[in-house]
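Asker: My structure is below; once you've seen it, I'll send some questions.
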Amino acid sequence: MKINFTTKEKNKKLQEAEFMALSGAERVFAFFRLCYEMRDFPSKEPSGKKDNFIIEFKNR
(Lines give C-alpha, C1' and ligand atoms only; values in the text may rest on other atoms or scores of the structure.)
Protein backbone atom coordinates (compact mmCIF):
# COMPACT_ATOMS: atom_id res chain seq x y z
CA MET A 1 0.00 0.00 0.00
CA LYS A 2 1.34 3.39 -0.96
CA ILE A 3 0.40 6.62 0.80
CA ASN A 4 0.75 9.91 -1.07
CA PHE A 5 0.54 13.35 0.47
CA THR A 6 -0.61 15.85 -2.14
CA THR A 7 -2.65 19.00 -2.30
CA LYS A 8 -6.35 18.86 -3.05
CA GLU A 9 -5.88 20.62 -6.39
CA LYS A 10 -3.11 18.26 -7.51
CA ASN A 11 -5.11 15.20 -6.48
CA LYS A 12 -8.21 16.46 -8.33
CA LYS A 13 -6.18 17.03 -11.51
CA LEU A 14 -4.72 13.53 -11.24
CA GLN A 15 -8.17 11.96 -10.81
CA GLU A 16 -9.49 13.96 -13.77
CA ALA A 17 -6.57 12.89 -15.97
CA GLU A 18 -7.12 9.22 -15.04
CA PHE A 19 -10.85 9.52 -15.79
CA MET A 20 -10.28 11.26 -19.14
CA ALA A 21 -7.85 8.50 -20.14
CA LEU A 22 -10.76 6.03 -20.11
CA SER A 23 -12.71 5.29 -23.28
CA GLY A 24 -16.25 6.61 -23.64
CA ALA A 25 -17.82 3.27 -22.67
CA GLU A 26 -15.51 2.94 -19.66
CA ARG A 27 -16.54 6.43 -18.50
CA VAL A 28 -20.22 5.52 -18.73
CA PHE A 29 -19.66 2.32 -16.74
CA ALA A 30 -17.61 4.26 -14.17
CA PHE A 31 -20.54 6.68 -13.80
CA PHE A 32 -23.02 3.83 -13.36
CA ARG A 33 -20.71 2.16 -10.82
CA LEU A 34 -20.51 5.43 -8.87
CA CYS A 35 -24.30 5.79 -8.93
CA TYR A 36 -24.66 2.22 -7.67
CA GLU A 37 -22.17 2.77 -4.85
CA MET A 38 -23.91 6.00 -3.78
CA ARG A 39 -27.04 4.05 -2.81
CA ASP A 40 -25.36 3.07 0.50
CA PHE A 41 -24.77 6.67 1.61
CA PRO A 42 -27.29 8.15 4.05
CA SER A 43 -29.86 10.50 2.60
CA LYS A 44 -32.66 12.68 3.90
CA GLU A 45 -34.83 11.65 0.98
CA PRO A 46 -37.40 8.91 1.63
CA SER A 47 -36.30 5.63 0.10
CA GLY A 48 -39.72 4.52 -1.08
CA LYS A 49 -39.27 2.44 -4.20
CA LYS A 50 -41.54 3.49 -7.04
CA ASP A 51 -41.81 2.58 -10.69
CA ASN A 52 -38.41 4.05 -11.50
CA PHE A 53 -36.32 3.20 -14.51
CA ILE A 54 -33.67 0.70 -13.39
CA ILE A 55 -30.52 -0.30 -15.25
CA GLU A 56 -29.27 -3.68 -14.11
CA PHE A 57 -25.91 -5.13 -15.15
CA LYS A 58 -25.53 -8.87 -14.87
CA ASN A 59 -22.11 -10.48 -14.72
CA ARG A 60 -21.38 -12.80 -17.59
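In the C-alpha coordinates, chains take letters A, B, ... by order of appearance, with residues numbered from 1 within each chain and ligands from 1 in the order shown.
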Mind checking which residues fall within 12 Å of Phe31 in chain A, counting only C-alpha atoms, ignoring those fewer than 6 positions away in the same chain, and posting them as a ChimeraX atom specification?

Answerer: /A:19,22,24-25,37-38

Asker: Quick one: DSSP helix (DSSP H, G or I) residues in chain A, as a ChimeraX atom specification?

Answerer: /A:8-20,24-40

Asker: Just checking: using only C-alpha atoms, which residue out of A:Cys35, A:Pro42, A:Gln15, A:Thr7 ends up closest to Ile55 in chain A?

Answerer: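 Closest to Ile55 in chain A, using only C-alpha atoms: A:Cys35.
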
Asker: Please provide the set of residues having any atom within 12 Å of Glu56 in chain A, restricted to only C-alpha atoms, with same-chain residues fewer than 6 positions apart removed, written as a count of residues only.

Answerer: 5

Asker: What does the distance from CA of Glu26 in chain A to CA of Phe57 in chain A come to in Å, to one decimal?

Answerer: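 So the answer is 13.9 Å.
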